[in-house]
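I have placed the structure first, in the form of structure tokens, so that the comments after it can refer back to it.
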Amino acid sequence: MSVRAFSLLGLLGFWFLVAWIAADPLVLPMPQELFSPLWAELKSGELLFHLSRTLIRVIWAFTLAMSLGLALGLVMGLFPHVDRWLDPWLVVFLNLPALVLIVLCYLWIGLNETAAIIAVTLNKIPNVTTIIREGARSLDPNLKAMTQVFRMRKQSVLQHVILPQLAPFIAGAARSGIAVIWKIVLVVEFLGRSNGIGFQIHLYFQLFDVRLVLVYALSFITVMLLVEWLILQPWEKRVRRWRTA
Amino acid sequence: MSVRAFSLLGLLGFWFLVAWIAADPLVLPMPQELFSPLWAELKSGELLFHLSRTLIRVIWAFTLAMSLGLALGLVMGLFPHVDRWLDPWLVVFLNLPALVLIVLCYLWIGLNETAAIIAVTLNKIPNVTTIIREGARSLDPNLKAMTQVFRMRKQSVLQHVILPQLAPFIAGAARSGIAVIWKIVLVVEFLGRSNGIGFQIHLYFQLFDVRLVLVYALSFITVMLLVEWLILQPWEKRVRRWRTA
Amino acid sequence: MISVDVRSKSYGDVPVLQDIQFDVEQGQTVAILGPSGIGKSTLLRLIAGIDPKFEGTVSRPKNMAIVFQEPTLLLWRSVFDNIQLIHPELSESAVREALSEVGLADKADLFPGQLSLGQQRRLSLARGFAGNPDLLIMDEPFVSLDEKTADEMLTLTERLISKTQPATIFVTHDTTEAARLATQILTLDGQPATLKIKETLK
Amino acid sequence: MISVDVRSKSYGDVPVLQDIQFDVEQGQTVAILGPSGIGKSTLLRLIAGIDPKFEGTVSRPKNMAIVFQEPTLLLWRSVFDNIQLIHPELSESAVREALSEVGLADKADLFPGQLSLGQQRRLSLARGFAGNPDLLIMDEPFVSLDEKTADEMLTLTERLISKTQPATIFVTHDTTEAARLATQILTLDGQPATLKIKETLK
Amino acid sequence: QSDLPVIRAAVLKIGTVNWELDTITRNGFDTANGFTLDVQPYADNGATRVALEGGEADVAVADWIWVARQRAAGKDYVFIPYSKAVGGLVVPADSTAQTLADLAGGSIGIAGGPVDKSWLILRAYAQQEYGMDLAAETEQVFGAPPLIFQSGLSGETDGAINFWHFLAKMKSAGMRQLISVEEASVALGLDPEVPLLGYVMKESFIAENPGIAAALYGASRDAKDLLASDDAAWDAIRPMMNANNDAQFEALRTDFRAGIPKPGPVDPSSADKMLQLMAELGGERLVGEATTLPDGLFAAIQ
Ligand SMILES: Nc1ncnc2c1ncn2[C@@H]1O[C@H](COP(=O)(O)OP(=O)(O)OP(=O)(O)O)[C@@H](O)[C@H]1O
Ligand SMILES: Nc1ncnc2c1ncn2[C@@H]1O[C@H](COP(=O)(O)OP(=O)(O)OP(=O)(O)O)[C@@H](O)[C@H]1O
Ligand SMILES: [Mg+2]
Ligand SMILES: [Mg+2]
């Protein structure tokens, strides 16, 4: 806990130093200069409103992309003949520019929430799939043989044999996943939504107001630090207990 | 080989079908409608020029991000006390919006190639780091003990003991890595470069010329399919040989 | 009844097994002997249906249990769960009973990685015995155990066999072990390995 | 000279080892016996310096070799490389010689996963012997081997010991094995385990 | 020749300002006015501003309200007028709406975001004319210009406010202009002759190159005069106009000409009045600390 605090303080100090060297508050303001705009945005309720809209989108897209990506990655990793068929599609969708997918979604589904979430999800699924597929390919064949001979139930195999082995891959995909999703949500928001952190960041970027850009960016980062500390790390600790016991 | 071809044909058929249902060439043109703009861009040399600029950026950023991310991920995964200090920084940089990093890089370093590549690299490093860190945390402790007792040289341990165990994580990070890098390069290009696929895609998006947007997007995807088939998959096959032997 | 008819099994171009035929009745126990690397584990994998790439046929019952040469445990689940999850039909007390039979009663809540190798092997044995299998396959089940523990395990095995009457096939390097448990001893030899001696006891 | 002085070792709250003291001179061989789960492997890990979390001191030479209870091989490198990479000072012919001594001459280019368990254990033995260590630590090195192969391995060990005169510490469950190799036999017993018997032979 | 100062202009590659800049270089208006023009194309407006701020370019294009905001925040930016072209609100051809009041309960697609100047002026106009809070009584859909273009054409939104070259295309595709921003400005008592768009330069650049602002303005006027009077001059720039047909081409040309401001400096009092209105409507979010017209905002151009 105290290491965390110190580490964040160090980051703040680093920022301070860089801002002090840059000495151009319009390009990089000092940390303390964010207080008053932060307070103003908080008081007006703007910050929480936009943050909540973005969070809802992130949560939806994350849940969808992780579950679909996990399923697809497992299937492709476990069944090489399925993989051979789907692999080129995966490469194509993996490398399709976010912009193209987002625009196509907006054009077909309309400028609405569904389109936004689908666009993000489609953007992220291939990412999760590639990582999970690698995990599925490196599962222990001896354990597989064991479950087979003992005719363990599929559901139980998934839950107790496969997923625990995939845990590091899932953790990696989830962590880098939320980050990528949130970055895509930003693009989705500035291209076709009327609210959300991405919308605000783009607005203030157009107005060249670095302070407010940072206020909005950091507000999401704060949420992510909390998610990391309150959800992800405790979960990981529990899942990895057997390694350190 | 033939499966690949059929699979890509299937994708083409899928596109055909969707375009046929949409029946709006402004929104999604038929595949064959791309031929003439493709040919025009090829003949004028535009396509190859912009593609090569983008590729150079992708290659630089990929090499830098993979090697630095790999090193950082290894250190953080292997040394928990370093991890405790750096982890909050990682979360912050992981979730810093691409836009913010890119703009800051451009403002400080200048609107040049160096800034563009640094911006992409900084965006991608945290991603690679998180995935590799998970891998480093799940290394086999018995092998570590073995190398320790036999006093195997550090360099040799890295090359023959650690990296092979990390291979699936590296493959996952590399594959989803190139994809993410190329997506960020697109943003970098439209925010501050005067050439590259991202520049062209954004331009034609503003002009609402979906055909040319697709021509440029697909040209990169083609390159990635080739990289996948000629480099990544053969490499993976060689590295994974011991699993299937 | 289990009937094994392996006409040939190769890895790549290298033939490992050839013309191995035998039957095992319920309640019967077959010991397989042979030098290291001859193909005993390979044969067991064919019998268990883990490796379908061979010429020949094996008829086997559905309800099987296997004790691998290495423990092959779920390292991320507790010792207790390593039995419970594989045999969800067992009550908690039955699982604890199975653990105490192999001397692991006080280790139920540890992870397998916290056991000594001998303890892990006993856990693997307990897992094999727990389901009252119709076919029990064991690959060197009693190594890494001190004499006393090994003897206890042998006694346990005898009890299981006499109680639930499975067909049992096991590999061992120890002829006294073989003699004690087996109704039939098969010895593999040669390259590719064939059944050299087929000795019926009892 | 190796001198071991383990005052106490616990896992969590559970004490495993207590007051274990002995010395081993160059050329001497110590066998450690004791029931499964008593703490033999734990003791070897302390001696080898793998696990520094205990009270006491161990003085050991730099040039050590270990044969773990499980093979612990680099599954992604060939059999040949599994020796060569650990002992880069060996010439190619020396590596091949080491492999042929344990009967793996024709397996040099396979991956360890393509070996039988007994072959993997022999590879692990060859790796341990190859470096001419000053301290050789072995955890049940001769299990999973048929009688003839085990005997060959024992002979090989004897030859190594008489040639390079390492201090040797090994765990076994087999008293005849212990008697054949060891100059001193230590038996662990109790909870926490202490040295119950300290028997000097030869 | 070669000792002439260079002006590096960072512009949106598809921006209409290219038509003028191209005419300048093509006809040598830059060297005639004592400088050479070096055009750097970018794909995004933000990029041009980053280029200016980062010192990679000497001039970019922006509206003066943005410039006022930056100036009030401490930047040494000055404004040189370029165009008074403003947009309007268009509705589908079959729409029954006749005034803004008829859009109540409907949705409006807006390309420039919530602080788009056209949108703000129309809101003020609706308030004045119909006592209607346009923002409250309609649903706003903000989005990228091409998406607003497409959703306007498809009828997904009941009305659309877009950048003027997209508006020209929307009109040529059959959409009807419900009201132009110019009309609304007049009704609000604003001076429609105040050019909203212009070139932005740093004072430090002008200090290093005395007279450079006037020189750029001169070249700009030369180009405008040519484009206003000579249809042939348009043939040269037609390839960069992305007009799909003659109708679009002509609509673009007409609208461009209509956007040419009167020569001469900006009237500060008209500008101030507009700024007040913007400050009132857009709030600090739009104007920042520029609640009154900052001194020296408009460069000396004569
Ligand atoms: N990480 C751990 N956490 C808790 N207990 C442990 C851990 N590792 C080992 N133990 C316990 O310590 C005891 C000694 O284990 P050790 O592996 O040294 O036994 P051993 O004498 O080598 O047995 P075997 O002959 O079966 O290999 C065992 O009872 C085991 O349960
Ligand atoms: N995947 C493989 N590819 C090639 N050869 C293999 C493979 N698996 C096993 N072999 C070879 O097949 C032979 C038989 O192996 P198997 O594991 O069945 O031996 P085993 O009789 O069980 O020996 P042990 O007593 O040492 O366990 C060995 O020589 C081994 O090298
Ligand atoms: Mg075997
Ligand atoms: Mg042990």
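We label chains A, B, ... in the order they appear in the structure tokens, count residues from 1 in each chain, and number ligands from 1 in the order shown.
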Who sits within 6 Å of D:Asp139, only C-alpha atoms, same chain under 2 positions skipped, as a ChimeraX atom specification: /D:68-69,141,170-171
All residues having an atom within 9 Å of ligand 3 (only C-alpha atoms and all ligand atoms) as a count of residues only: 19
task: Could you find all residues in stretch 5-150 of chain D that DSSP calls helix (DSSP H, G or I) from the backbone, and write them as an MDAnalysis selection string?
output: chainID D and resid 40:48 79:84 92:101 105:107 112:114 117:130 147:150
Please produce a file of the residues just selected, as an mmCIF file, in the first residue's frame, where the atoms kept are C-alpha atoms.
data_model
loop_
_atom_site.group_PDB
_atom_site.id
_atom_site.type_symbol
_atom_site.label_atom_id
_atom_site.label_comp_id
_atom_site.auth_asym_id
_atom_site.auth_seq_id
_atom_site.Cartn_x
_atom_site.Cartn_y
_atom_site.Cartn_z
ATOM 1 C CA LYS D 40 14.523 -35.606 2.251
ATOM 2 C CA SER D 41 14.000 -33.502 -0.866
ATOM 3 C CA THR D 42 13.610 -30.448 1.306
ATOM 4 C CA LEU D 43 16.976 -31.154 2.880
ATOM 5 C CA LEU D 44 18.635 -31.571 -0.511
ATOM 6 C CA ARG D 45 17.209 -28.230 -1.631
ATOM 7 C CA LEU D 46 18.698 -26.568 1.393
ATOM 8 C CA ILE D 47 22.055 -28.183 0.741
ATOM 9 C CA ALA D 48 22.028 -27.161 -2.906
ATOM 10 C CA VAL D 79 18.472 -34.284 -25.799
ATOM 11 C CA PHE D 80 21.941 -33.306 -26.979
ATOM 12 C CA ASP D 81 21.404 -29.630 -26.147
ATOM 13 C CA ASN D 82 20.107 -30.524 -22.711
ATOM 14 C CA ILE D 83 23.669 -31.536 -21.869
ATOM 15 C CA GLN D 84 25.566 -29.140 -24.100
ATOM 16 C CA GLU D 92 30.546 -32.492 -28.936
ATOM 17 C CA SER D 93 32.146 -35.914 -28.618
ATOM 18 C CA ALA D 94 32.174 -35.585 -24.830
ATOM 19 C CA VAL D 95 28.445 -34.909 -24.872
ATOM 20 C CA ARG D 96 27.826 -37.881 -27.132
ATOM 21 C CA GLU D 97 29.962 -40.032 -24.874
ATOM 22 C CA ALA D 98 27.932 -38.891 -21.848
ATOM 23 C CA LEU D 99 24.719 -39.790 -23.671
ATOM 24 C CA SER D 100 25.911 -43.185 -24.745
ATOM 25 C CA GLU D 101 26.985 -44.002 -21.195
ATOM 26 C CA ALA D 105 23.292 -42.429 -27.908
ATOM 27 C CA ASP D 106 20.615 -42.825 -30.570
ATOM 28 C CA LYS D 107 18.237 -40.331 -28.990
ATOM 29 C CA PRO D 112 13.015 -34.919 -24.121
ATOM 30 C CA GLY D 113 9.229 -35.280 -24.503
ATOM 31 C CA GLN D 114 9.923 -38.072 -26.964
ATOM 32 C CA LEU D 117 10.302 -41.412 -18.287
ATOM 33 C CA GLY D 118 13.153 -43.794 -17.514
ATOM 34 C CA GLN D 119 15.120 -42.346 -20.424
ATOM 35 C CA GLN D 120 14.437 -38.818 -19.209
ATOM 36 C CA ARG D 121 15.746 -39.737 -15.796
ATOM 37 C CA ARG D 122 18.891 -41.168 -17.335
ATOM 38 C CA LEU D 123 19.345 -37.946 -19.296
ATOM 39 C CA SER D 124 19.075 -36.059 -16.056
ATOM 40 C CA LEU D 125 21.723 -38.380 -14.581
ATOM 41 C CA ALA D 126 24.014 -37.817 -17.543
ATOM 42 C CA ARG D 127 23.604 -34.077 -17.106
ATOM 43 C CA GLY D 128 24.531 -34.386 -13.439
ATOM 44 C CA PHE D 129 27.626 -36.484 -14.136
ATOM 45 C CA ALA D 130 28.876 -34.507 -17.105
ATOM 46 C CA GLU D 147 16.916 -53.926 -12.725
ATOM 47 C CA LYS D 148 19.516 -54.237 -15.429
ATOM 48 C CA THR D 149 19.496 -50.551 -16.347
ATOM 49 C CA ALA D 150 19.483 -49.548 -12.696
#
- request: Find the spatial neighbours of stretch 202-207 of chain E, counting only C-alpha atoms, within a cut-off of 8 Å - ignore same-chain residues fewer than 5 positions away - and output them as number ranges by chain.
  value: E: 58-59, 76-78, 212-213
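Of the listed residues (B:Val91, B:Ala217, B:Phe208, B:Phe199), B:Val91 comes nearest to A:Ile178; the distances count only C-alpha atoms.
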message: Just want the 9 Å neighbourhood of A:Leu78, counted on only C-alpha atoms, with same-chain residues fewer than 3 positions away dropped. Output as a list of chain:residue names.
response: A:Gly73, A:Leu74, A:Val75, A:Val82, A:Asp83, A:Arg133, A:Ala136, A:Arg137, A:Leu139
I need the residues from that last selection saved to file as a compact mmCIF listing (two decimals), in the first residue's frame (with C-alpha atoms), if you can.
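To be explicit, this is the file written out as result-v1.txt:
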# COMPACT_ATOMS: atom_id res chain seq x y z
CA GLY A 73 -9.55 -18.30 -28.87
CA LEU A 74 -10.21 -21.57 -27.07
CA VAL A 75 -11.88 -23.14 -30.06
CA VAL A 82 -11.02 -24.89 -37.20
CA ASP A 83 -7.99 -22.66 -36.72
CA ARG A 133 -5.32 -19.02 -28.70
CA ALA A 136 -4.96 -22.87 -25.56
CA ARG A 137 -2.16 -24.19 -27.74
CA LEU A 139 -2.19 -26.52 -22.52
- request: Excluding D:Pro61 and residues on its chain fewer than 4 positions from it, collect all residues at most 8 Å away from it, counting only C-alpha atoms, and give them as a PyMOL selection string.
  value: chain D and resi 1-2+134-135
Next, dump the selected residues to file, keeping only N, CA, C and O atoms, as a PDB file, in the first residue's frame.
ATOM      1  N   MET D   1      35.304 -29.560   1.475  1.00  0.00           N
ATOM      2  CA  MET D   1      34.438 -30.285   2.420  1.00  0.00           C
ATOM      3  C   MET D   1      33.088 -29.589   2.530  1.00  0.00           C
ATOM      4  O   MET D   1      33.023 -28.367   2.592  1.00  0.00           O
ATOM      5  N   ILE D   2      32.048 -30.415   2.528  1.00  0.00           N
ATOM      6  CA  ILE D   2      30.710 -29.870   2.662  1.00  0.00           C
ATOM      7  C   ILE D   2      30.273 -30.030   4.104  1.00  0.00           C
ATOM      8  O   ILE D   2      30.339 -31.133   4.648  1.00  0.00           O
ATOM      9  N   ASP D 134      32.134 -31.025  -7.882  1.00  0.00           N
ATOM     10  CA  ASP D 134      32.748 -31.245  -6.575  1.00  0.00           C
ATOM     11  C   ASP D 134      31.718 -31.734  -5.565  1.00  0.00           C
ATOM     12  O   ASP D 134      32.047 -32.351  -4.563  1.00  0.00           O
ATOM     13  N   LEU D 135      30.454 -31.367  -5.823  1.00  0.00           N
ATOM     14  CA  LEU D 135      29.376 -31.862  -4.967  1.00  0.00           C
ATOM     15  C   LEU D 135      28.271 -32.384  -5.871  1.00  0.00           C
ATOM     16  O   LEU D 135      27.771 -31.663  -6.742  1.00  0.00           O
TER      17      LEU D 135
END
Contacts of D:Gln184 within 12 Å, only C-alpha atoms, excl. fewer than 3 positions in-chain, as a short mmCIF file (atom, residue, chain, number, x, y, z; two decimals) with N, CA and C atoms, in the first residue's frame:
data_model
loop_
_atom_site.label_atom_id
_atom_site.label_comp_id
_atom_site.auth_asym_id
_atom_site.auth_seq_id
_atom_site.Cartn_x
_atom_site.Cartn_y
_atom_site.Cartn_z
N PHE D 22 25.79 -32.68 9.56
CA PHE D 22 26.76 -33.70 9.13
C PHE D 22 27.72 -33.06 8.14
N ASP D 23 28.86 -33.71 7.95
CA ASP D 23 29.86 -33.23 7.01
C ASP D 23 30.10 -34.30 5.96
N VAL D 24 30.52 -33.89 4.80
CA VAL D 24 30.87 -34.84 3.76
C VAL D 24 32.23 -34.43 3.19
N GLU D 25 33.18 -35.34 3.22
CA GLU D 25 34.50 -35.07 2.64
C GLU D 25 34.45 -35.36 1.15
N GLY D 27 35.06 -37.23 -2.10
CA GLY D 27 35.18 -38.66 -2.32
C GLY D 27 34.27 -39.49 -1.46
N GLN D 28 33.66 -38.85 -0.47
CA GLN D 28 32.73 -39.59 0.40
C GLN D 28 31.32 -39.54 -0.18
N THR D 29 30.51 -40.53 0.18
CA THR D 29 29.14 -40.57 -0.31
C THR D 29 28.18 -40.77 0.85
N VAL D 30 27.20 -39.89 0.93
CA VAL D 30 26.22 -39.99 1.99
C VAL D 30 24.87 -40.37 1.40
N ALA D 31 24.26 -41.41 1.96
CA ALA D 31 22.91 -41.78 1.53
C ALA D 31 21.92 -41.30 2.58
N ILE D 32 20.84 -40.72 2.13
CA ILE D 32 19.81 -40.27 3.07
C ILE D 32 18.58 -41.14 2.87
N LEU D 33 18.14 -41.75 3.95
CA LEU D 33 16.95 -42.60 3.88
C LEU D 33 15.86 -42.00 4.76
N ALA D 167 32.15 -35.01 -3.49
CA ALA D 167 31.33 -35.34 -2.34
C ALA D 167 29.94 -35.63 -2.88
N THR D 168 29.33 -36.73 -2.44
CA THR D 168 28.04 -37.11 -3.00
C THR D 168 27.01 -37.24 -1.89
N ILE D 169 25.84 -36.67 -2.13
CA ILE D 169 24.73 -36.84 -1.19
C ILE D 169 23.55 -37.33 -2.00
N PHE D 170 23.00 -38.46 -1.63
CA PHE D 170 21.85 -38.91 -2.42
C PHE D 170 20.77 -39.52 -1.56
N VAL D 171 19.54 -39.39 -2.05
CA VAL D 171 18.36 -39.91 -1.37
C VAL D 171 17.96 -41.21 -2.04
N THR D 175 17.71 -49.86 0.42
CA THR D 175 18.83 -50.02 1.35
C THR D 175 20.02 -50.69 0.67
N ALA D 178 21.80 -48.04 -1.16
CA ALA D 178 22.53 -47.21 -0.19
C ALA D 178 23.80 -47.90 0.24
N ALA D 179 23.69 -49.17 0.58
CA ALA D 179 24.84 -49.91 1.06
C ALA D 179 25.93 -49.99 0.00
N ARG D 180 25.51 -50.12 -1.24
CA ARG D 180 26.50 -50.28 -2.30
C ARG D 180 27.30 -49.01 -2.56
N LEU D 181 26.63 -47.84 -2.53
CA LEU D 181 27.31 -46.59 -2.89
C LEU D 181 27.89 -45.85 -1.71
N THR D 187 19.56 -41.57 8.39
CA THR D 187 18.13 -41.84 8.30
C THR D 187 17.36 -40.72 8.99
N ILE D 197 19.44 -42.05 12.66
CA ILE D 197 20.57 -42.98 12.64
C ILE D 197 21.67 -42.39 11.77
N LYS D 198 22.89 -42.53 12.23
CA LYS D 198 24.02 -42.02 11.48
C LYS D 198 25.01 -43.17 11.45
N GLU D 199 25.02 -43.86 10.32
CA GLU D 199 25.72 -45.13 10.26
C GLU D 199 26.91 -44.97 9.32
N THR D 200 28.08 -45.28 9.77
CA THR D 200 29.23 -45.14 8.89
C THR D 200 29.68 -46.50 8.37
N LEU D 201 29.76 -46.65 7.07
CA LEU D 201 30.15 -47.90 6.43
C LEU D 201 31.56 -47.75 5.88
N LYS D 202 32.08 -48.79 5.41
CA LYS D 202 33.38 -48.84 4.72
C LYS D 202 34.53 -48.27 5.53
#
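Of note, atom CA of D:Leu136 and atom CA of D:Pro166 are spaced 6.4 Å apart.
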Using only C-alpha atoms and a distance of at most 8 Å, pull out the residues of chain B that contact chain D, as a CSV table (one decimal) with C-alpha atoms, in the first residue's frame.
chain,number,residue,atom,x,y,z
B,142,ASN,CA,12.1,-26.1,-10.9
B,143,LEU,CA,14.0,-25.2,-14.0
B,145,ALA,CA,16.5,-24.1,-9.5
B,146,MET,CA,18.3,-26.3,-12.0
B,147,THR,CA,20.0,-23.5,-13.8
B,148,GLN,CA,21.0,-22.0,-10.5
B,149,VAL,CA,22.6,-25.2,-9.2
B,150,PHE,CA,24.5,-25.8,-12.4
B,151,ARG,CA,25.5,-22.1,-12.6
B,152,MET,CA,24.3,-21.7,-16.1
B,156,SER,CA,22.2,-18.8,-21.8
B,160,HIS,CA,17.3,-21.3,-23.7
B,161,VAL,CA,15.3,-21.4,-20.5
B,164,PRO,CA,11.2,-20.6,-24.8
B,239,VAL,CA,9.4,-22.8,-31.9
B,240,ARG,CA,6.5,-25.1,-31.1
B,241,ARG,CA,8.0,-28.2,-32.7
B,242,TRP,CA,8.8,-29.8,-29.4
B,243,ARG,CA,5.1,-29.7,-28.4
B,245,ALA,CA,6.9,-34.0,-31.9
task: Quote the spacing between atom CA of A:Ala40 and atom CA of E:Arg71 in Å to one decimal place.
output: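 Atom CA of A:Ala40 sits 22.0 Å away from atom CA of E:Arg71.
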message: Contacts from chain E to chain A, 6 Å maximum, only C-alpha atoms: show me the residue list as a list of chain:residue names.
response: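 The contacting residues on chain E are E:Gly46, E:Val141, E:Phe142, E:Gly143, E:Ala144.
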Take the selection from the previous step and output its residues with C-alpha atoms, as a PDB file, in the first residue's frame.
ATOM      1  CA  GLY E  46      -5.968  19.201 -34.611  1.00  0.00           C
ATOM      2  CA  VAL E 141     -26.271  13.910 -32.460  1.00  0.00           C
ATOM      3  CA  PHE E 142     -22.647  14.984 -32.588  1.00  0.00           C
ATOM      4  CA  GLY E 143     -20.392  13.169 -34.997  1.00  0.00           C
ATOM      5  CA  ALA E 144     -17.663  13.343 -37.574  1.00  0.00           C
TER       6      ALA E 144
END
message: Residues of stretch 22-187 of chain C classed as strand (DSSP E) by DSSP on the backbone are to be reported as a PyMOL selection string.
response: chain C and resi 22-24+29-33+55-59+64-67+135-139+167-171+184-187
Polymer residues at most 9 Å from stretch 236-238 of chain A, only C-alpha atoms, same-chain spacing of 3 or more positions, as a ChimeraX atom specification: /A:167-168,171,231-233,241-242
- request: Taking only C-alpha atoms into account, report as a ChimeraX atom specification which residues of chain A lie within 7 Å of chain B.
  value: /A:3-4,7-8,11,84-85,88-89,91-92,94-98,107,127,130-131,134-135,168,172,176,179,183,217,221,225
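If you look at atom CA of E:Leu197 and atom CA of E:Trp66, they are 9.8 Å away from each other.
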